[in-house]
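Trainee: Below you'll find run_12.cif; it's mmCIF, C-alpha atoms.
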```cif
data_structure
loop_
_atom_site.label_atom_id
_atom_site.label_comp_id
_atom_site.auth_asym_id
_atom_site.auth_seq_id
_atom_site.Cartn_x
_atom_site.Cartn_y
_atom_site.Cartn_z
CA MET A 10 22.99 29.45 -9.00
CA ALA A 11 21.03 28.06 -11.91
CA THR A 12 18.69 30.33 -13.81
CA LYS A 13 15.02 29.45 -14.15
CA GLY A 14 14.58 26.20 -16.05
CA GLU A 15 18.30 25.39 -16.09
CA ALA A 16 19.04 21.92 -14.68
CA ILE A 17 21.92 21.34 -12.30
CA GLU A 18 23.77 18.22 -11.21
CA LEU A 19 24.59 17.34 -7.61
CA ASP A 20 27.16 14.83 -6.41
CA VAL A 21 25.35 12.63 -3.89
CA GLY A 22 27.61 9.89 -2.62
CA ASP A 23 28.76 7.86 -5.60
CA GLN A 24 25.97 9.14 -7.83
CA VAL A 25 25.22 12.28 -9.78
CA VAL A 26 21.62 13.44 -9.32
CA ARG A 27 20.10 15.81 -11.84
CA VAL A 28 17.78 18.51 -10.50
CA SER A 29 15.57 19.90 -13.24
CA ASN A 30 14.14 23.41 -12.97
CA PRO A 31 15.79 23.96 -9.56
CA SER A 32 14.38 27.45 -9.03
CA LYS A 33 10.77 26.34 -9.46
CA VAL A 34 8.82 27.52 -6.42
CA TYR A 35 7.30 24.59 -4.52
CA PHE A 36 5.96 26.48 -1.50
CA PRO A 37 4.71 29.87 -2.75
CA GLN A 38 3.74 31.25 0.66
CA VAL A 39 7.36 31.12 1.84
CA GLY A 40 9.12 31.09 -1.55
CA ILE A 41 10.83 27.71 -1.13
CA THR A 42 12.13 26.17 -4.34
CA LYS A 43 12.64 22.64 -5.60
CA LEU A 44 16.38 22.97 -5.05
CA GLU A 45 15.80 23.94 -1.40
CA LEU A 46 13.65 20.83 -1.00
CA VAL A 47 16.44 18.63 -2.36
CA GLN A 48 19.03 20.42 -0.23
CA HIS A 49 16.90 19.85 2.88
CA TYR A 50 17.03 16.10 2.33
CA LEU A 51 20.77 16.23 1.71
CA ALA A 52 21.33 18.29 4.88
CA CYS A 53 19.39 15.73 6.94
CA GLY A 54 20.79 12.86 4.91
CA GLU A 55 21.90 10.49 7.66
CA GLY A 56 18.56 10.90 9.43
CA ILE A 57 16.25 10.51 6.45
CA LEU A 58 18.19 7.49 5.25
CA ARG A 59 17.96 5.88 8.69
CA ALA A 60 14.19 6.36 8.52
CA LEU A 61 13.87 4.92 4.98
CA ARG A 62 16.69 2.43 4.51
CA GLU A 63 15.45 -0.69 2.71
CA ARG A 64 11.83 0.11 3.54
CA PRO A 65 9.19 -0.03 0.80
CA THR A 66 8.30 3.64 0.44
CA THR A 67 5.32 5.40 -1.08
CA LEU A 68 6.18 8.74 -2.67
CA GLU A 69 3.79 11.63 -2.08
CA ARG A 70 4.48 13.69 -5.18
CA TRP A 71 3.58 17.33 -5.77
CA PRO A 72 5.23 17.99 -9.15
CA GLY A 73 3.53 21.38 -9.49
CA GLY A 74 4.35 22.43 -5.96
CA VAL A 75 2.06 22.90 -2.96
CA PHE A 76 -0.71 25.40 -3.59
CA GLU A 77 -4.18 26.18 -2.30
CA GLY A 78 -6.95 24.21 -3.94
CA ALA A 79 -4.71 21.39 -5.20
CA VAL A 80 -6.49 18.15 -6.01
CA ILE A 81 -4.88 15.14 -4.33
CA ALA A 82 -5.56 11.92 -6.19
CA THR A 83 -5.85 8.71 -4.20
CA ARG A 84 -5.97 6.29 -7.13
CA ALA A 85 -3.12 5.53 -9.50
CA ASP A 86 -5.44 5.87 -12.51
CA ASN A 87 -6.78 9.29 -11.45
CA ARG A 88 -3.81 11.58 -10.91
CA GLY A 89 -4.41 15.11 -9.76
CA ASP A 90 -2.10 17.95 -8.76
CA ALA A 91 -0.58 15.58 -6.21
CA PHE A 92 -0.66 11.81 -5.90
CA TYR A 93 0.73 8.83 -4.01
CA GLN A 94 3.13 6.75 -6.10
CA LYS A 95 3.24 3.19 -4.82
CA ARG A 96 5.05 1.62 -7.76
CA VAL A 97 8.59 2.41 -8.81
CA PRO A 98 8.45 5.17 -11.44
CA ALA A 99 9.32 4.28 -15.01
CA ASN A 100 12.92 4.91 -16.09
CA ALA A 101 14.22 4.94 -12.51
CA PRO A 102 18.04 4.89 -12.34
CA ALA A 103 19.77 1.55 -11.84
CA TYR A 104 20.76 2.52 -8.29
CA VAL A 105 17.09 2.67 -7.21
CA GLN A 106 16.38 -0.60 -5.40
CA THR A 107 12.87 -1.97 -4.87
CA ALA A 108 10.86 -4.25 -2.61
CA HIS A 109 8.04 -6.53 -3.76
CA ILE A 110 4.97 -5.89 -1.63
CA THR A 111 1.43 -7.23 -1.43
CA PHE A 112 -1.51 -4.91 -0.84
CA PRO A 113 -4.56 -5.90 1.27
CA SER A 114 -6.43 -6.51 -1.99
CA GLY A 115 -3.93 -9.21 -2.95
CA ARG A 116 -2.42 -7.14 -5.75
CA THR A 117 1.32 -6.69 -5.73
CA ALA A 118 3.83 -4.01 -6.68
CA ASP A 119 7.51 -3.19 -6.73
CA GLU A 120 7.98 -0.12 -4.55
CA ILE A 121 11.18 1.85 -4.09
CA ALA A 122 13.25 0.81 -1.05
CA PRO A 123 15.98 3.44 -0.56
CA THR A 124 19.50 2.22 0.07
CA SER A 125 21.36 5.48 -0.55
CA LEU A 126 20.84 9.21 -0.19
CA ALA A 127 20.96 9.55 -3.97
CA VAL A 128 17.60 7.75 -4.13
CA VAL A 129 16.09 10.32 -1.78
CA ALA A 130 17.47 13.23 -3.83
CA TRP A 131 16.27 11.62 -7.08
CA ALA A 132 12.77 11.22 -5.63
CA ALA A 133 12.74 14.81 -4.39
CA ASN A 134 13.56 15.97 -7.91
CA LEU A 135 10.40 14.15 -9.05
CA GLY A 136 8.40 16.38 -6.72
CA THR A 137 8.31 14.02 -3.74
CA ILE A 138 7.46 16.22 -0.78
CA THR A 139 6.80 13.44 1.73
CA PHE A 140 8.19 9.91 2.07
CA HIS A 141 5.83 7.26 3.48
CA PRO A 142 7.82 4.13 4.43
CA TRP A 143 6.30 0.80 5.41
CA PRO A 144 7.26 -0.53 8.88
CA VAL A 145 9.15 -3.43 7.28
CA ARG A 146 12.46 -4.01 5.49
CA ARG A 147 12.68 -5.42 1.99
CA GLY A 148 14.27 -8.63 3.31
CA ASP A 149 10.99 -9.50 5.08
CA VAL A 150 8.01 -7.45 3.96
CA ASP A 151 5.43 -9.37 5.99
CA HIS A 152 6.78 -8.88 9.52
CA PRO A 153 7.04 -5.28 10.78
CA ASP A 154 10.04 -4.21 12.83
CA GLU A 155 8.37 -0.99 13.95
CA LEU A 156 5.29 -0.26 16.05
CA ARG A 157 3.87 3.15 15.18
CA LEU A 158 1.78 5.07 17.69
CA ASP A 159 0.14 8.04 15.96
CA LEU A 160 -1.45 10.61 18.27
CA ASP A 161 -3.91 12.64 16.22
CA PRO A 162 -5.66 15.58 17.95
CA GLN A 163 -9.33 15.90 17.06
CA PRO A 164 -11.25 19.16 16.59
CA GLY A 165 -11.17 21.09 19.83
CA THR A 166 -7.73 19.78 20.74
CA ASP A 167 -4.29 20.66 19.43
CA PHE A 168 -0.59 19.82 19.47
CA ALA A 169 -0.30 20.61 23.19
CA ASP A 170 -2.93 17.94 23.93
CA SER A 171 -0.95 15.42 21.88
CA VAL A 172 2.13 16.26 23.94
CA VAL A 173 0.27 15.60 27.21
CA VAL A 174 -0.93 12.23 25.94
CA ALA A 175 2.57 11.44 24.67
CA ALA A 176 3.95 11.94 28.18
CA GLU A 177 1.55 9.34 29.57
CA LEU A 178 2.41 7.03 26.70
CA ARG A 179 6.08 7.44 27.56
CA ALA A 180 5.34 6.32 31.13
CA LEU A 181 3.35 3.33 29.87
CA LEU A 182 6.21 2.26 27.59
CA ALA A 183 8.68 2.67 30.46
CA GLU A 184 6.60 0.26 32.56
CA LEU A 185 7.07 -2.27 29.78
CA GLY A 186 10.81 -1.57 29.71
CA TRP A 187 10.49 -0.12 26.23
CA THR A 188 11.99 3.02 24.72
CA GLY A 189 9.78 5.09 22.45
CA TRP A 190 11.15 7.56 19.92
CA PRO A 191 8.98 10.69 19.47
CA LYS A 192 8.74 13.11 16.57
CA THR A 193 6.41 15.82 15.43
CA SER A 194 4.09 14.79 12.62
CA GLY A 195 4.70 18.07 10.84
CA GLY A 196 1.11 18.94 11.63
CA ARG A 197 -0.71 18.95 14.97
CA GLY A 198 0.11 15.39 15.98
CA VAL A 199 2.90 13.42 17.60
CA HIS A 200 4.33 10.12 16.40
CA ILE A 201 6.08 7.63 18.68
CA TYR A 202 8.00 4.72 17.18
CA VAL A 203 9.03 1.54 18.98
CA ARG A 204 11.40 -0.95 17.38
CA ILE A 205 10.07 -4.49 17.70
CA GLU A 206 11.36 -7.93 16.87
CA PRO A 207 10.14 -8.83 13.33
CA ARG A 208 8.27 -11.92 14.54
CA TRP A 209 4.65 -10.84 14.17
CA ASP A 210 2.47 -10.11 11.17
CA PHE A 211 0.62 -6.86 10.50
CA THR A 212 -2.53 -8.11 12.23
CA ALA A 213 -0.70 -8.79 15.49
CA VAL A 214 1.16 -5.48 15.42
CA ARG A 215 -2.12 -3.65 14.80
CA HIS A 216 -3.63 -5.52 17.77
CA ALA A 217 -0.70 -4.33 19.90
CA ALA A 218 -1.46 -0.71 18.94
CA ILE A 219 -5.14 -1.24 19.82
CA ALA A 220 -4.18 -2.66 23.21
CA ILE A 221 -1.89 0.27 24.00
CA GLY A 222 -4.59 2.70 22.91
CA ARG A 223 -7.14 1.05 25.18
CA GLU A 224 -4.74 1.20 28.11
CA LEU A 225 -4.24 4.93 27.47
CA GLU A 226 -8.03 5.38 27.38
CA ARG A 227 -8.26 3.83 30.82
CA ARG A 228 -5.49 6.04 32.17
CA MET A 229 -6.73 9.26 30.55
CA PRO A 230 -10.53 8.98 30.31
CA GLY A 231 -12.06 11.66 28.14
CA ARG A 232 -8.69 12.71 26.73
CA VAL A 233 -7.71 9.73 24.56
CA THR A 234 -9.76 7.59 22.21
CA THR A 235 -9.38 4.62 19.91
CA LYS A 236 -12.82 5.16 18.36
CA TRP A 237 -12.52 4.80 14.59
CA TRP A 238 -15.62 6.85 13.77
CA LYS A 239 -15.08 10.58 14.02
CA GLU A 240 -18.58 11.17 15.34
CA GLU A 241 -17.66 9.16 18.46
CA ARG A 242 -14.31 10.76 19.27
CA GLY A 243 -15.28 14.11 20.76
CA GLU A 244 -12.55 16.53 21.83
CA THR A 245 -9.88 13.90 22.37
CA VAL A 246 -6.58 12.72 20.98
CA PHE A 247 -7.11 9.73 18.69
CA LEU A 248 -4.56 6.92 18.77
CA ASP A 249 -4.77 5.78 15.15
CA TYR A 250 -4.18 2.06 15.49
CA ASN A 251 -4.85 1.53 11.79
CA GLN A 252 -1.53 3.14 10.93
CA ASN A 253 -0.15 -0.32 11.72
CA ALA A 254 -2.31 -2.10 9.15
CA ARG A 255 -0.70 -3.38 5.96
CA ASP A 256 -0.07 -0.60 3.42
CA ARG A 257 -0.91 2.18 5.89
CA THR A 258 2.00 4.54 6.35
CA ILE A 259 3.16 7.56 8.34
CA ALA A 260 5.33 10.38 7.05
CA SER A 261 8.93 9.52 7.85
CA ALA A 262 11.25 11.40 10.14
CA TYR A 263 12.62 14.47 8.31
CA SER A 264 9.86 14.32 5.70
CA VAL A 265 8.51 17.66 4.56
CA ARG A 266 4.75 18.03 4.82
CA PRO A 267 2.63 19.64 2.08
CA ARG A 268 1.69 22.62 4.22
CA PRO A 269 2.16 26.29 3.31
CA GLN A 270 5.03 26.75 5.78
CA ALA A 271 6.91 23.63 4.56
CA THR A 272 6.96 22.05 8.01
CA VAL A 273 9.11 18.99 8.70
CA SER A 274 8.36 15.87 10.75
CA MET A 275 11.15 16.28 13.29
CA PRO A 276 12.68 13.70 15.64
CA LEU A 277 12.95 14.93 19.21
CA THR A 278 14.06 13.84 22.64
CA TRP A 279 11.31 13.37 25.18
CA ASP A 280 12.58 16.37 27.11
CA GLU A 281 12.38 18.58 24.02
CA LEU A 282 8.79 17.65 23.16
CA PRO A 283 6.93 19.92 25.64
CA GLY A 284 8.91 23.00 24.58
CA VAL A 285 8.37 22.98 20.81
CA THR A 286 5.67 23.70 18.26
CA PRO A 287 5.29 22.16 14.79
CA LEU A 288 6.20 25.49 13.17
CA ASP A 289 9.64 25.37 14.80
CA PHE A 290 10.75 22.86 12.17
CA THR A 291 10.67 23.74 8.48
CA ILE A 292 12.81 23.21 5.41
CA ARG A 293 14.71 26.36 6.37
CA THR A 294 15.44 25.34 9.97
CA ALA A 295 15.74 21.54 9.93
CA GLY A 296 19.16 21.37 8.30
CA ALA A 297 20.72 23.78 10.79
CA ARG A 298 19.23 21.81 13.68
CA PHE A 299 20.57 18.57 12.24
CA ALA A 300 24.04 20.08 11.92
CA GLU A 301 23.85 21.19 15.56
CA VAL A 302 22.32 18.18 17.35
CA GLY A 303 22.47 15.34 14.82
CA ASP A 304 19.75 12.72 14.50
CA ARG A 305 17.71 12.44 17.69
CA HIS A 306 16.71 8.94 16.52
CA ALA A 307 20.29 7.78 16.02
CA GLY A 308 19.88 4.99 18.59
CA ILE A 309 16.52 3.71 17.38
CA ASP A 310 17.90 0.48 15.91
CA GLU A 311 19.90 -0.55 18.99
CA VAL A 312 17.14 -2.50 20.77
CA ALA A 313 14.08 -4.35 19.43
CA TYR A 314 11.33 -5.33 21.86
CA ASP A 315 9.08 -8.34 22.40
CA LEU A 316 5.40 -7.60 21.73
CA THR A 317 4.18 -10.51 23.86
CA PRO A 318 3.10 -8.53 26.96
CA VAL A 319 1.03 -6.08 24.94
CA LEU A 320 -0.56 -8.85 22.90
CA GLU A 321 -1.52 -10.43 26.22
CA TRP A 322 -3.33 -7.16 27.04
CA TYR A 323 -5.26 -7.50 23.79
CA GLU A 324 -6.22 -11.09 24.63
CA ARG A 325 -7.23 -10.06 28.17
CA ASP A 326 -9.47 -7.27 26.87
CA GLU A 327 -11.06 -9.66 24.40
CA ARG A 328 -11.56 -12.42 26.99
CA ASP A 329 -12.57 -10.40 30.05
CA GLY A 330 -13.88 -7.15 28.63
CA GLY A 331 -15.61 -8.28 25.46
CA LEU A 332 -13.40 -5.93 23.45
CA GLY A 333 -12.54 -7.53 20.13
CA ASP A 334 -11.09 -6.20 16.92
CA MET A 335 -11.91 -2.77 15.54
CA PRO A 336 -12.79 -1.43 12.06
CA TYR A 337 -10.23 -1.31 9.27
CA PRO A 338 -9.96 1.52 6.72
CA PRO A 339 -12.68 1.49 4.04
CA GLU A 340 -10.47 0.39 1.14
CA TYR A 341 -9.67 -2.89 2.90
CA PRO A 342 -11.52 -6.13 2.21
CA LYS A 343 -13.54 -7.48 5.11
CA MET A 344 -10.94 -8.73 7.60
CA PRO A 345 -11.21 -11.78 9.88
CA GLY A 346 -12.70 -10.89 13.26
CA GLU A 347 -13.54 -7.34 12.21
CA PRO A 348 -16.84 -5.87 13.48
CA LYS A 349 -19.37 -4.28 11.18
CA ARG A 350 -17.66 -1.39 9.38
CA VAL A 351 -20.32 1.30 9.42
CA GLN A 352 -20.82 4.58 11.27
CA PRO A 353 -22.99 4.09 14.36
CA SER A 354 -25.38 6.86 13.28
CA ARG A 355 -25.85 5.33 9.85
CA ASP A 356 -26.29 1.89 11.38
CA THR A 357 -29.01 3.22 13.66
CA LEU A 358 -30.83 5.02 10.88
CA ARG A 359 -30.58 2.45 8.14
CA GLY A 360 -29.95 -0.84 9.87
CA LYS A 361 -29.00 -2.51 6.61
CA ASP A 362 -25.52 -1.16 5.93
CA GLN A 363 -23.14 -3.88 4.92
CA PRO A 364 -19.66 -4.39 6.38
CA GLY A 365 -17.13 -2.48 4.36
CA SER A 366 -19.21 0.65 3.80
CA SER A 367 -17.68 3.85 5.13
CA VAL A 368 -17.57 7.56 4.51
CA GLU A 369 -14.90 8.67 6.97
CA ASP A 370 -11.23 7.91 6.55
CA PRO A 371 -8.00 9.72 5.68
CA ALA A 372 -6.54 9.28 2.23
CA PRO A 373 -4.31 6.26 1.57
CA GLY A 374 -0.78 6.90 2.68
CA LYS A 375 -1.67 9.82 4.91
CA GLY A 376 0.54 10.17 7.94
#
```
When written as structure tokens, how does the structure in this file appear?
Mentor:
Amino acid sequence: MATKGEAIELDVGDQVVRVSNPSKVYFPQVGITKLELVQHYLACGEGILRALRERPTTLERWPGGVFEGAVIATRADNRGDAFYQKRVPANAPAYVQTAHITFPSGRTADEIAPTSLAVVAWAANLGTITFHPWPVRRGDVDHPDELRLDLDPQPGTDFADSVVVAAELRALLAELGWTGWPKTSGGRGVHIYVRIEPRWDFTAVRHAAIAIGRELERRMPGRVTTKWWKEERGETVFLDYNQNARDRTIASAYSVRPRPQATVSMPLTWDELPGVTPLDFTIRTAGARFAEVGDRHAGIDEVAYDLTPVLEWYERDERDGGLGDMPYPPEYPKMPGEPKRVQPSRDTLRGKDQPGSSVEDPAPGKG
């Protein structure tokens, strides 16, 4: 084992990946080191690479480790103790491939698009705790091949509530003839992925998520919401439809989350979901589970589904129910068809808020 500060080299496929300062503690509450972080990704290699392969990927970097009171920067020109890296780092090795992406603002960037496990290990050495892939492949960055249904429990609800909603969502998907692939978020939520044919743009895929969320609201009144404004959600599980907007991302399967216990976003079978808790899956347990059961999402790429029936739900709700589009995140420009983007309470009090103003939204890249 390397001594403190002594770099080591790991053979990862055809590449040699250098791990600097391997004994540096990244999770002080549980004593997990940088080397353990890298080894986690190697142990779950087939799974993490399936989740990231050729996808533009934002790196959530914590080069000083995860500690209480850390400042998380959300702008590239204002880096804190942790930050989201959306452009390929300088001096990246030649084996690091990229994808050219366009942000909602119209600006562009070259973002890493992993093609080998060595890229994942290299990024982990840079302090990447969490990988945030786009729902597209680098061969076509404008047409998602993945619908992401993020169940986010609100204050007064918890992981168990997300699991109950996920079960109803499973039934809804089954009625469509679709297979959903669940995983823990690494926090209190549940993520369900559905592979889709890459025929629709981000706007259409986002509309599909809205339509599914509205159908869940009808089936589980008072337990599920699509309300964007937190003040309107109550004690419900929020289906975050905006995770399907361009440049919004969710932590990938097998990603570590920047939480004191070093929890991992873990793929599951539907039958496993009711019997687990987020704390069951950490850096120190995920590798052993992977060795025992393999990747629970191994079949995710076998079938891609047609979004048409769900987009018809969206059109029906718009035509017959007067339910149109919903607010985008605050950093987005005003989008076509979007309603006024302002909290209802502020709109009532001020009456003059302009579209685009907002005070409530998770940080860019949060999943």
Trainee: Neighbours of segment 207-212 of chain A within 8 Å (all atoms listed in the file; same-chain residues fewer than 4 positions away dropped), as number ranges by chain?
Mentor: A: 151-154, 216, 253-255
Trainee: Of the residues A:Pro144, A:Pro98, A:Gly333, A:Pro269, which is the one nearest to Ile121 of chain A, using only C-alpha atoms?
Mentor: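 With only C-alpha atoms as the atom set, the closest residue is A:Pro98.
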Trainee: On this file, the PyMOL selection byres ((chain A and resi 348) around 9) gives some set of residues; write that set as an MDAnalysis selection string.
Mentor: chainID A and resid 333:336 344:347 349:351 364
Trainee: Spell out the residues picked by the PyMOL selection byres ((chain A and resi 221-229) around 9) here, as an MDAnalysis selection string.
Mentor: chainID A and resid 158 174 177:178 181 216:220 230:235 247:250 319 322:323 326
Trainee: Kindly provide the residues of segment 184-253 of chain A that approach segment 257-262 of chain A to within 9 Å, each paired with its closest atom pair and their distance in Å to one decimal, based on all atoms listed in the file, listed by chain and increasing number, as CSV.
Mentor:
```
residue,atom,partner,partner_atom,distance
A:Lys192,CA,A:Ala262,CA,7.1
A:Thr193,CA,A:Ala262,CA,8.4
A:Ser194,CA,A:Ala260,CA,7.2
A:Gly195,CA,A:Ala260,CA,8.6
A:His200,CA,A:Ile259,CA,8.5
A:Asn251,CA,A:Arg257,CA,7.1
A:Gln252,CA,A:Arg257,CA,5.2
A:Asn253,CA,A:Arg257,CA,6.4
```
Trainee: Given the choices A:Arg157, A:Ala213, A:Ala132, A:Ala297, which gets closest to Glu324 of chain A if the distance is worked out from all atoms listed in the file?
Mentor: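 Selected residue with least distance to Glu324 of chain A: A:Ala213.
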Trainee: Got a sec to resolve the PyMOL selection byres ((chain A and resi 296) around 9) on this structure and send the residues as a PDB file with C-alpha atoms, keeping the file's coordinate frame?
Mentor:
```
ATOM      1  CA  GLN A  48      19.030  20.420  -0.230  1.00  0.00           C
ATOM      2  CA  HIS A  49      16.900  19.850   2.880  1.00  0.00           C
ATOM      3  CA  TYR A  50      17.030  16.100   2.330  1.00  0.00           C
ATOM      4  CA  LEU A  51      20.770  16.230   1.710  1.00  0.00           C
ATOM      5  CA  ALA A  52      21.330  18.290   4.880  1.00  0.00           C
ATOM      6  CA  CYS A  53      19.390  15.730   6.940  1.00  0.00           C
ATOM      7  CA  THR A 291      10.670  23.740   8.480  1.00  0.00           C
ATOM      8  CA  ILE A 292      12.810  23.210   5.410  1.00  0.00           C
ATOM      9  CA  ARG A 293      14.710  26.360   6.370  1.00  0.00           C
ATOM     10  CA  THR A 294      15.440  25.340   9.970  1.00  0.00           C
ATOM     11  CA  ALA A 295      15.740  21.540   9.930  1.00  0.00           C
ATOM     12  CA  ALA A 297      20.720  23.780  10.790  1.00  0.00           C
ATOM     13  CA  ARG A 298      19.230  21.810  13.680  1.00  0.00           C
ATOM     14  CA  PHE A 299      20.570  18.570  12.240  1.00  0.00           C
ATOM     15  CA  ALA A 300      24.040  20.080  11.920  1.00  0.00           C
ATOM     16  CA  GLU A 301      23.850  21.190  15.560  1.00  0.00           C
TER      17      GLU A 301
END
```
Trainee: Which one of A:Leu185, A:Ala127, A:Val199, A:Ala60 sits closest to Leu316 of chain A if you count all atoms listed in the file?
Mentor: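 When distances to Leu316 of chain A are compared using all atoms listed in the file, the smallest one comes from A:Leu185.
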Trainee: Find the distance between atom CA of Asp310 of chain A and atom CA of Glu155 of chain A and write it in Å to one decimal.
Mentor: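 A separation of 9.8 Å between them.
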Trainee: Taking all atoms of segment 342-348 of chain A that the file lists and extending 6 Å past them on each side, where is the centre of the axis-aligned box and how long are its edges? Answer in Å to one decimal, as lines of an AutoDock Vina configuration file.
Mentor:
```
center_x = -13.9
center_y = -8.8
center_z = 7.8
size_x = 17.9
size_y = 17.9
size_z = 23.3
```
Trainee: Measuring atom to atom with all atoms listed in the file, identify which of A:Gly308, A:Pro339, A:Gly330, A:Pro287 is nearest to Arg59 of chain A.
Mentor: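 Of the candidates, the smallest distance to Arg59 of chain A is held by A:Gly308.
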